>>> print(open('work33.txt').read())   # compact mmCIF, C-alpha atoms
# COMPACT_ATOMS: atom_id res chain seq x y z
CA MET T 1 77.63 109.52 81.24
CA ASN T 2 79.82 110.82 84.08
CA GLY T 3 79.39 108.25 86.83
CA PHE T 4 79.96 104.69 87.96
CA LEU T 5 78.87 101.17 87.09
CA ILE T 6 78.77 98.30 89.58
CA VAL T 7 79.76 95.30 87.48
CA ASP T 8 79.80 91.62 88.39
CA LYS T 9 82.99 90.74 86.55
CA PRO T 10 82.90 87.38 84.77
CA LYS T 11 85.67 84.79 84.85
CA GLY T 12 88.22 84.61 82.05
CA ILE T 13 88.56 88.31 81.24
CA THR T 14 90.85 91.05 82.56
CA SER T 15 89.52 94.06 84.44
CA LEU T 16 90.89 96.29 81.69
CA SER T 17 88.98 94.31 79.08
CA VAL T 18 85.78 94.82 81.06
CA CYS T 19 86.38 98.58 80.91
CA ASN T 20 87.19 98.50 77.20
CA ARG T 21 84.10 96.46 76.32
CA LEU T 22 81.81 98.74 78.30
CA LYS T 23 83.50 101.80 76.83
CA HIS T 24 82.82 100.53 73.30
CA ARG T 25 79.28 99.33 73.97
CA LEU T 26 78.10 102.46 75.81
CA GLY T 27 80.04 104.95 73.69
CA LEU T 28 82.17 106.21 76.58
CA ASN T 29 85.20 108.42 76.09
CA LYS T 30 86.99 106.92 79.09
CA ALA T 31 86.53 104.03 81.51
CA GLY T 32 88.61 102.96 84.51
CA HIS T 33 88.22 100.54 87.40
CA ASN T 34 88.70 100.47 91.16
CA GLY T 35 91.37 97.81 91.53
CA THR T 36 92.32 94.91 89.34
CA LEU T 37 90.65 91.55 89.62
CA ASP T 38 92.68 88.77 88.02
CA PRO T 39 91.23 87.22 84.84
CA ASP T 40 90.01 84.12 86.71
CA ALA T 41 88.54 86.17 89.57
CA THR T 42 84.92 87.29 89.60
CA GLY T 43 82.76 89.73 91.49
CA VAL T 44 82.37 93.43 92.21
CA LEU T 45 84.27 95.72 89.86
CA VAL T 46 83.42 99.41 90.07
CA VAL T 47 83.90 101.03 86.66
CA ALA T 48 84.25 104.80 86.38
CA CYS T 49 82.83 106.40 83.24
CA ASP T 50 84.14 109.50 81.45
CA LYS T 51 84.96 112.35 83.88
CA ALA T 52 84.43 110.07 86.86
CA THR T 53 87.73 108.35 85.97
CA LYS T 54 89.43 111.24 87.76
CA LEU T 55 87.80 109.99 90.97
CA VAL T 56 88.95 106.35 90.76
CA ARG T 57 91.55 106.82 93.47
CA LEU T 58 88.79 107.78 95.90
CA ILE T 59 87.18 104.39 95.30
CA ASN T 60 90.50 102.59 95.76
CA GLU T 61 90.44 103.72 99.41
CA HIS T 62 87.50 101.37 100.00
CA ASP T 63 87.76 98.23 102.11
CA LYS T 64 86.93 95.02 100.26
CA GLU T 65 85.45 91.60 100.95
CA TYR T 66 86.39 88.34 99.22
CA ILE T 67 85.52 84.68 99.18
CA ALA T 68 88.82 82.89 98.52
CA THR T 69 89.31 79.22 97.73
CA ILE T 70 92.68 78.07 99.06
CA VAL T 71 94.32 74.76 98.16
CA PHE T 72 96.88 73.22 100.51
CA GLY T 73 99.97 71.34 99.32
CA TYR T 74 100.60 73.32 96.15
CA ASP T 75 103.00 76.19 95.59
CA SER T 76 103.48 78.18 92.38
CA ASP T 77 105.54 81.07 91.08
CA THR T 78 102.45 83.28 91.18
CA TRP T 79 100.98 82.01 94.47
CA ASP T 80 97.87 80.93 92.58
CA MET T 81 96.77 78.20 90.14
CA ASP T 82 97.56 80.34 87.08
CA GLY T 83 101.31 80.03 87.56
CA ASN T 84 103.77 77.20 87.23
CA ILE T 85 103.41 74.67 90.06
CA THR T 86 106.75 74.61 91.89
CA ARG T 87 105.81 72.25 94.76
CA ASP T 88 103.26 69.48 95.12
CA ILE T 89 103.31 67.92 98.57
CA LYS T 90 100.99 65.96 100.84
CA MET T 91 99.45 68.10 103.60
CA ASP T 92 97.15 66.71 106.28
CA VAL T 93 95.20 69.75 107.55
CA ASN T 94 92.07 70.11 109.65
CA ILE T 95 89.55 72.86 110.42
CA GLU T 96 90.86 73.58 113.92
CA ALA T 97 94.45 74.03 112.71
CA ILE T 98 93.28 76.32 109.91
CA LYS T 99 91.25 78.44 112.35
CA GLU T 100 94.23 78.70 114.68
CA LYS T 101 96.53 80.01 111.94
CA MET T 102 93.83 82.33 110.59
CA ALA T 103 93.68 83.93 114.04
CA ILE T 104 97.43 84.55 113.89
CA LEU T 105 97.16 86.12 110.43
CA LYS T 106 94.30 88.36 111.57
CA GLU T 107 96.63 90.04 114.06
CA ARG T 108 99.28 90.85 111.45
CA SER T 109 99.50 94.46 110.30
CA THR T 110 101.81 93.94 107.30
CA GLN T 111 102.03 91.63 104.32
CA ILE T 112 104.60 90.79 101.63
CA PRO T 113 103.04 91.48 98.20
CA PRO T 114 103.23 88.74 95.55
CA MET T 115 105.57 89.00 92.58
CA THR T 116 102.49 89.29 90.35
CA SER T 117 101.52 92.68 91.82
CA ALA T 118 101.82 96.04 90.05
CA ILE T 119 103.96 97.59 92.80
CA LYS T 120 107.00 99.31 91.32
CA VAL T 121 110.57 98.52 92.32
CA ASP T 122 113.34 100.53 90.62
CA GLY T 123 110.90 101.84 88.05
CA LYS T 124 109.48 98.46 87.02
CA LYS T 125 106.35 96.68 88.16
CA LEU T 126 106.88 93.45 90.08
CA TYR T 127 104.98 91.38 87.53
CA GLU T 128 107.43 92.55 84.85
CA TYR T 129 110.26 90.97 86.84
CA GLN T 130 108.15 87.87 87.52
CA ARG T 131 107.50 87.29 83.82
CA LYS T 132 111.26 87.22 83.28
CA GLY T 133 111.74 84.73 86.09
CA ILE T 134 113.39 87.30 88.37
CA GLU T 135 112.59 87.23 92.10
CA ILE T 136 112.77 90.67 93.76
CA GLU T 137 112.98 91.32 97.48
CA ARG T 138 109.74 93.00 98.59
CA LYS T 139 109.15 95.17 101.63
CA PRO T 140 106.19 94.45 103.92
CA ARG T 141 103.21 96.70 103.28
CA PRO T 142 100.59 97.81 105.84
CA ILE T 143 97.26 95.96 105.73
CA LYS T 144 94.37 95.17 108.03
CA ILE T 145 92.15 92.11 108.26
CA TYR T 146 88.87 93.22 109.85
CA GLU T 147 87.10 89.88 109.59
CA SER T 148 88.08 86.37 108.51
CA GLU T 149 86.03 83.21 108.73
CA ILE T 150 85.76 79.78 107.16
CA ALA T 151 82.99 79.79 104.56
CA SER T 152 82.79 76.12 103.56
CA LYS T 153 83.55 72.58 104.60
CA LEU T 154 87.08 71.29 104.20
CA ARG T 155 87.08 69.44 100.87
CA TYR T 156 89.45 66.79 99.51
CA ASN T 157 89.97 66.96 95.74
CA ASN T 158 92.65 65.35 93.59
CA GLY T 159 94.84 64.52 96.57
CA HIS T 160 94.67 67.99 98.16
CA TYR T 161 92.54 69.68 100.80
CA GLU T 162 90.85 72.97 99.93
CA ILE T 163 88.59 75.41 101.73
CA ASP T 164 86.71 78.69 101.17
CA ILE T 165 87.54 81.63 103.43
CA ARG T 166 85.70 84.94 103.68
CA LEU T 167 87.98 87.94 104.16
CA PHE T 168 86.99 91.55 104.88
CA VAL T 169 90.17 93.57 104.45
CA SER T 170 91.73 96.98 103.93
CA LYS T 171 92.94 98.45 100.66
CA GLY T 172 96.22 97.05 99.38
CA PHE T 173 95.50 93.55 100.67
CA TYR T 174 96.65 90.60 98.51
CA VAL T 175 94.64 87.42 98.86
CA ARG T 176 97.40 85.43 97.12
CA SER T 177 99.78 86.51 99.87
CA TYR T 178 97.24 85.44 102.49
CA ALA T 179 96.99 81.97 100.94
CA HIS T 180 100.79 81.69 100.83
CA ASP T 181 101.16 82.80 104.45
CA LEU T 182 98.43 80.44 105.65
CA GLY T 183 100.13 77.46 104.03
CA GLU T 184 103.45 78.46 105.54
CA LEU T 185 101.97 78.75 109.05
CA LEU T 186 100.48 75.27 108.64
CA GLY T 187 103.97 73.90 107.99
CA GLY T 188 103.60 73.51 104.24
CA VAL T 189 102.43 75.47 101.21
CA ALA T 190 99.13 76.78 99.84
CA ILE T 191 97.92 78.79 96.88
CA LEU T 192 94.81 80.59 95.77
CA SER T 193 92.64 78.61 93.36
CA ALA T 194 89.55 80.83 93.04
CA LEU T 195 88.53 84.31 94.11
CA ARG T 196 85.27 86.25 94.20
CA ARG T 197 85.08 89.87 95.38
CA THR T 198 81.76 90.19 97.14
CA ARG T 199 82.04 93.80 98.26
CA ALA T 200 83.93 97.00 97.47
CA GLY T 201 83.18 99.72 100.00
CA GLU T 202 79.40 99.86 100.40
CA TYR T 203 78.78 98.15 97.06
CA LYS T 204 77.93 94.48 97.39
CA VAL T 205 77.79 91.80 94.72
CA ALA T 206 74.00 91.69 95.06
CA MET T 207 73.97 95.26 93.72
CA ALA T 208 76.24 94.42 90.78
CA LYS T 209 75.05 93.60 87.29
CA PRO T 210 76.58 91.09 84.85
CA MET T 211 78.81 92.84 82.32
CA ASP T 212 76.75 91.73 79.30
CA ASP T 213 73.55 93.14 80.86
CA ILE T 214 74.89 96.63 81.55
CA VAL T 215 73.07 99.52 79.84
CA GLU T 216 73.57 103.27 79.92
CA SER T 217 70.83 103.79 82.51
CA ASP T 218 72.86 101.70 84.99
CA ILE T 219 75.42 104.50 85.30
CA ILE T 220 75.21 105.98 88.82
CA PRO T 221 75.75 109.77 88.70
CA ILE T 222 78.75 111.06 90.64
CA GLU T 223 76.61 113.02 93.10
CA LYS T 224 74.64 109.88 93.97
CA PHE T 225 77.72 107.68 94.18
CA PHE T 226 79.65 109.97 96.55
CA ASP T 227 77.83 111.41 99.56
CA LEU T 228 80.13 114.36 100.21
CA PRO T 229 79.71 117.62 102.12
CA ARG T 230 78.87 120.67 100.01
CA VAL T 231 80.46 124.11 100.08
CA GLU T 232 78.44 126.95 98.55
CA ILE T 233 80.41 129.77 96.88
CA ASN T 234 79.41 133.05 95.24
CA ASP T 235 79.39 133.87 91.53
CA TYR T 236 82.80 135.57 91.63
CA ILE T 237 84.58 132.61 93.30
CA SER T 238 82.66 130.28 91.00
CA GLY T 239 84.37 131.81 87.99
CA LEU T 240 87.75 131.29 89.60
CA VAL T 241 86.90 127.68 90.52
CA MET T 242 86.09 126.94 86.88
CA ASN T 243 89.69 127.94 86.13
CA GLY T 244 91.09 125.66 88.83
CA ILE T 245 91.89 128.14 91.60
CA THR T 246 93.14 126.83 94.96
CA LEU T 247 90.65 127.46 97.75
CA ASP T 248 91.55 128.20 101.37
CA ASN T 249 89.98 128.57 104.82
CA ARG T 250 88.01 131.61 103.69
CA GLN T 251 85.74 129.19 101.85
CA THR T 252 85.79 126.12 104.14
CA ASN T 253 87.66 124.23 106.87
CA ILE T 254 86.72 120.70 105.73
CA LYS T 255 89.66 118.32 106.03
CA GLY T 256 88.69 116.00 103.19
CA VAL T 257 86.87 115.81 99.87
CA PHE T 258 83.81 117.94 99.12
CA TYR T 259 81.53 119.29 96.42
CA VAL T 260 81.82 122.95 95.46
CA CYS T 261 78.43 124.44 94.59
CA ASN T 262 77.20 127.68 93.09
CA ASN T 263 73.48 128.46 93.36
CA SER T 264 73.06 124.88 94.71
CA LYS T 265 74.57 123.37 91.54
CA ILE T 266 77.68 121.18 91.84
CA ILE T 267 80.47 122.70 89.76
CA ALA T 268 83.56 120.92 91.11
CA ILE T 269 85.02 118.41 93.56
CA TYR T 270 87.88 119.64 95.74
CA GLU T 271 90.13 118.01 98.32
CA TYR T 272 92.21 119.20 101.26
CA ILE T 273 95.95 119.19 100.60
CA GLU T 274 97.74 121.04 103.43
CA ASP T 275 98.01 124.33 105.27
CA ASN T 276 94.28 124.99 104.87
CA LYS T 277 94.50 124.78 101.09
CA TYR T 278 92.24 122.86 98.74
CA LYS T 279 92.81 121.85 95.14
CA PRO T 280 90.35 120.61 92.50
CA ILE T 281 90.06 116.91 91.62
CA LEU T 282 87.35 117.45 89.03
CA ILE T 283 85.76 120.54 87.49
CA PHE T 284 82.42 120.12 85.73
CA LYS T 285 82.77 122.20 82.59
>>> encode(input="work33.txt", output="structure tokens")
Amino acid sequence: MNGFLIVDKPKGITSLSVCNRLKHRLGLNKAGHNGTLDPDATGVLVVACDKATKLVRLINEHDKEYIATIVFGYDSDTWDMDGNITRDIKMDVNIEAIKEKMAILKERSTQIPPMTSAIKVDGKKLYEYQRKGIEIERKPRPIKIYESEIASKLRYNNGHYEIDIRLFVSKGFYVRSYAHDLGELLGGVAILSALRRTRAGEYKVAMAKPMDDIVESDIIPIEKFFDLPRVEINDYISGLVMNGITLDNRQTNIKGVFYVCNNSKIIAIYEYIEDNKYKPILIFK
């Protein structure tokens, strides 16, 4: 039961609820996910089961791909359709103008996070301020857009243009912020109206399974999910590892995450910290 599930998250449910439902249905002790998808968003959600929850932060390092539907002429207090609409204006946009501004955004290396994010300011998460109607100044955060392309025709619905855009981006990227910035560059406003995560790291939506179809045999064991280097240790060091000892360059010089093995059996996962020292992330007891 220690491993990962690749779930195709349905619309209308929180990421936490997905974890809780799977936890109850499969009889898990713990379940965690690799980065929140909003309730109305769908797509790839990697769920860690039991001891694998200690490895969630390793998944969060993954790059991600999205298909985002952006509507021009609307603004809201959440930068998406779930919030209160604060502006409703007429915007006459075209494909060439959108492509031009997308090229500008692709070169940006920072982004202002939305007020609906979980980033903490003075001990409180931004969305806690947002729910009280308080606007907080946010610092730009580093991001990278690897690929961006238009993924649909420009549509005209209910007096507003909308379009689908595919984005392949780094961790920490906010699609709501992208929609907001795109509208601003086009001389108006824009918000996110739909979002589907099509990839998280190497896991694509074609590999994901609908939440209601998930069974215990779908759990991917940790050693199959993470292809990590292995460090073999002797029986004496093995006993110390099981008690959480810090390893050093007498055992390895790997500058990263690795499996610790004894007699070819994985007994722990360690990571490099500093000064040729390594600490355990997970010990298999």
>>> closest_residue(input="work33.txt", among="T:Leu5, T:Ile269, T:Ile163, T:Ala52", to="Ile95 in chain T", atoms="all atoms listed in the file")
T:Ile163
>>> residues_around(input="work33.txt", residues="Arg196 in chain T", least_positions_apart="2", cutoff="6 Å", atoms="only C-alpha atoms", output="list in words")
Ala41, Thr42, Gly43, Tyr66 and Ile67 of chain T
>>> closest_residue(input="work33.txt", among="T:Lys277, T:His33, T:His62, T:Lys204", to="Gly172 in chain T", atoms="all atoms listed in the file")
T:His62
>>> residues_around(input="work33.txt", residues="range 240-243 of chain T", least_positions_apart="6", cutoff="12 Å", atoms="only C-alpha atoms", output="list in words")
Glu232, Ile233, Asn234, Gln251, Tyr259, Val260, Cys261, Asn262, Ile266, Ile267, Ala268, Ile269, Tyr270, Tyr278, Lys279, Pro280, Ile281, Leu282, Ile283, Phe284 and Lys285 of chain T
>>> closest_residue(input="work33.txt", among="T:Ser15, T:Asn84, T:Asn60, T:Thr252", to="Lys171 in chain T", atoms="all atoms listed in the file")
T:Asn60
>>> atom_distance(input="work33.txt", atom1="CA of Glu61 in chain T", atom2="CA of Asn34 in chain T")
9.0 Å
>>> closest_residue(input="work33.txt", among="T:Arg199, T:Gly256, T:Ser238, T:Asp181", to="Ile104 in chain T", atoms="all atoms listed in the file")
T:Asp181
>>> closest_residue(input="work33.txt", among="T:Leu228, T:Ser193, T:Asp122, T:Tyr129", to="Val175 in chain T", atoms="all atoms listed in the file")
T:Ser193
>>> atom_distance(input="work33.txt", atom1="CA of Asn276 in chain T", atom2="CA of Ile237 in chain T")
16.9 Å
>>> closest_residue(input="work33.txt", among="T:Pro113, T:Lys255, T:Lys11, T:Gly35", to="His180 in chain T", atoms="all atoms listed in the file")
T:Pro113
>>> atom_distance(input="work33.txt", atom1="CA of Asn2 in chain T", atom2="CA of Asn20 in chain T")
15.9 Å
>>> residues_around(input="work33.txt", residues="range 131-135 of chain T", least_positions_apart="4", cutoff="12 Å", atoms="only C-alpha atoms", output="count of residues only")
13
>>> residues_near_point(input="work33.txt", point="(96.7, 83.1, 100.4)", cutoff="9 Å", atoms="all atoms listed in the file", output="JSON, numbers by chain")
{"T": [68, 69, 70, 71, 79, 80, 174, 175, 176, 177, 178, 179, 180, 181, 182, 183, 190, 191, 192]}
>>> residues_around(input="work33.txt", residues="Lys106 in chain T", least_positions_apart="5", cutoff="9 Å", atoms="only C-alpha atoms", output="ChimeraX atom specification")
/T:101,144-148
>>> residues_around(input="work33.txt", residues="Cys19 in chain T", least_positions_apart="2", cutoff="9 Å", atoms="all atoms listed in the file", output="VMD selection string")
chain T and resid 14 to 17 21 to 24 30 to 33 47 to 49
>>> residues_near_point(input="work33.txt", point="(75.3, 103.7, 87.5)", cutoff="10 Å", atoms="only C-alpha atoms", output="list in words")
Met1, Asn2, Gly3, Phe4, Leu5, Ile6, Val7, Val46, Val47, Ala48, Cys49, Ala208, Ile214, Val215, Glu216, Ser217, Asp218, Ile219, Ile220, Pro221, Ile222, Lys224 and Phe225 of chain T
>>> decode(input="work33.txt", residues="range 260-271 of chain T", atoms="all heavy atoms", output="mmCIF file, in the first residue's frame")
data_model
loop_
_atom_site.group_PDB
_atom_site.id
_atom_site.type_symbol
_atom_site.label_atom_id
_atom_site.label_comp_id
_atom_site.auth_asym_id
_atom_site.auth_seq_id
_atom_site.Cartn_x
_atom_site.Cartn_y
_atom_site.Cartn_z
ATOM 1 N N VAL T 260 18.798 3.397 -0.236
ATOM 2 C CA VAL T 260 19.812 2.697 0.548
ATOM 3 C C VAL T 260 19.403 1.228 0.611
ATOM 4 O O VAL T 260 18.267 0.911 0.978
ATOM 5 C CB VAL T 260 19.923 3.288 1.963
ATOM 6 C CG1 VAL T 260 20.916 2.477 2.793
ATOM 7 C CG2 VAL T 260 20.351 4.742 1.907
ATOM 8 N N CYS T 261 20.319 0.343 0.219
ATOM 9 C CA CYS T 261 20.003 -1.082 0.134
ATOM 10 C C CYS T 261 20.945 -1.909 1.001
ATOM 11 O O CYS T 261 22.118 -1.565 1.173
ATOM 12 C CB CYS T 261 20.116 -1.569 -1.306
ATOM 13 S SG CYS T 261 19.095 -0.654 -2.476
ATOM 14 N N ASN T 262 20.413 -2.994 1.521
ATOM 15 C CA ASN T 262 21.202 -3.980 2.249
ATOM 16 C C ASN T 262 20.843 -5.348 1.684
ATOM 17 O O ASN T 262 19.673 -5.721 1.672
ATOM 18 C CB ASN T 262 20.891 -3.900 3.747
ATOM 19 C CG ASN T 262 21.630 -4.955 4.549
ATOM 20 O OD1 ASN T 262 21.028 -5.763 5.243
ATOM 21 N ND2 ASN T 262 22.951 -4.952 4.458
ATOM 22 N N ASN T 263 21.868 -6.066 1.192
ATOM 23 C CA ASN T 263 21.643 -7.354 0.532
ATOM 24 C C ASN T 263 20.637 -7.208 -0.619
ATOM 25 O O ASN T 263 19.734 -8.028 -0.776
ATOM 26 C CB ASN T 263 21.174 -8.408 1.525
ATOM 27 C CG ASN T 263 22.215 -8.695 2.593
ATOM 28 O OD1 ASN T 263 23.411 -8.783 2.288
ATOM 29 N ND2 ASN T 263 21.777 -8.825 3.836
ATOM 30 N N SER T 264 20.784 -6.080 -1.368
ATOM 31 C CA SER T 264 19.964 -5.762 -2.550
ATOM 32 C C SER T 264 18.519 -5.400 -2.218
ATOM 33 O O SER T 264 17.716 -5.176 -3.128
ATOM 34 C CB SER T 264 19.979 -6.934 -3.555
ATOM 35 O OG SER T 264 21.291 -7.188 -3.994
ATOM 36 N N LYS T 265 18.180 -5.297 -0.955
ATOM 37 C CA LYS T 265 16.819 -4.922 -0.547
ATOM 38 C C LYS T 265 16.794 -3.455 -0.134
ATOM 39 O O LYS T 265 17.643 -3.008 0.650
ATOM 40 C CB LYS T 265 16.343 -5.795 0.616
ATOM 41 C CG LYS T 265 14.946 -5.447 1.105
ATOM 42 C CD LYS T 265 14.566 -6.287 2.314
ATOM 43 C CE LYS T 265 13.188 -5.890 2.843
ATOM 44 N NZ LYS T 265 12.813 -6.670 4.054
ATOM 45 N N ILE T 266 15.823 -2.698 -0.662
ATOM 46 C CA ILE T 266 15.701 -1.283 -0.306
ATOM 47 C C ILE T 266 15.223 -1.169 1.144
ATOM 48 O O ILE T 266 14.194 -1.736 1.526
ATOM 49 C CB ILE T 266 14.705 -0.564 -1.233
ATOM 50 C CG1 ILE T 266 15.216 -0.555 -2.673
ATOM 51 C CG2 ILE T 266 14.470 0.880 -0.762
ATOM 52 C CD1 ILE T 266 14.214 -0.023 -3.681
ATOM 53 N N ILE T 267 15.976 -0.435 1.952
ATOM 54 C CA ILE T 267 15.587 -0.257 3.348
ATOM 55 C C ILE T 267 15.303 1.200 3.707
ATOM 56 O O ILE T 267 14.722 1.489 4.750
ATOM 57 C CB ILE T 267 16.654 -0.825 4.311
ATOM 58 C CG1 ILE T 267 17.989 -0.088 4.132
ATOM 59 C CG2 ILE T 267 16.816 -2.326 4.112
ATOM 60 C CD1 ILE T 267 19.036 -0.458 5.188
ATOM 61 N N ALA T 268 15.721 2.131 2.829
ATOM 62 C CA ALA T 268 15.500 3.551 3.136
ATOM 63 C C ALA T 268 15.699 4.393 1.878
ATOM 64 O O ALA T 268 16.263 3.938 0.881
ATOM 65 C CB ALA T 268 16.446 4.023 4.230
ATOM 66 N N ILE T 269 15.221 5.637 1.959
ATOM 67 C CA ILE T 269 15.502 6.651 0.945
ATOM 68 C C ILE T 269 16.178 7.817 1.648
ATOM 69 O O ILE T 269 15.658 8.337 2.643
ATOM 70 C CB ILE T 269 14.214 7.118 0.247
ATOM 71 C CG1 ILE T 269 13.561 5.950 -0.506
ATOM 72 C CG2 ILE T 269 14.518 8.253 -0.729
ATOM 73 C CD1 ILE T 269 12.250 6.314 -1.171
ATOM 74 N N TYR T 270 17.339 8.196 1.147
ATOM 75 C CA TYR T 270 18.126 9.287 1.743
ATOM 76 C C TYR T 270 18.278 10.419 0.731
ATOM 77 O O TYR T 270 18.100 10.213 -0.472
ATOM 78 C CB TYR T 270 19.512 8.781 2.140
ATOM 79 C CG TYR T 270 19.619 8.255 3.559
ATOM 80 C CD1 TYR T 270 18.915 7.126 3.947
ATOM 81 C CD2 TYR T 270 20.416 8.893 4.498
ATOM 82 C CE1 TYR T 270 19.016 6.620 5.238
ATOM 83 C CE2 TYR T 270 20.532 8.405 5.806
ATOM 84 C CZ TYR T 270 19.833 7.278 6.166
ATOM 85 O OH TYR T 270 19.927 6.798 7.451
ATOM 86 N N GLU T 271 18.638 11.603 1.251
ATOM 87 C CA GLU T 271 18.914 12.737 0.380
ATOM 88 C C GLU T 271 20.127 13.507 0.872
ATOM 89 O O GLU T 271 20.428 13.530 2.068
ATOM 90 C CB GLU T 271 17.703 13.676 0.307
ATOM 91 C CG GLU T 271 17.388 14.397 1.594
ATOM 92 C CD GLU T 271 16.231 15.376 1.463
ATOM 93 O OE1 GLU T 271 15.918 15.778 0.335
ATOM 94 O OE2 GLU T 271 15.651 15.738 2.510
#
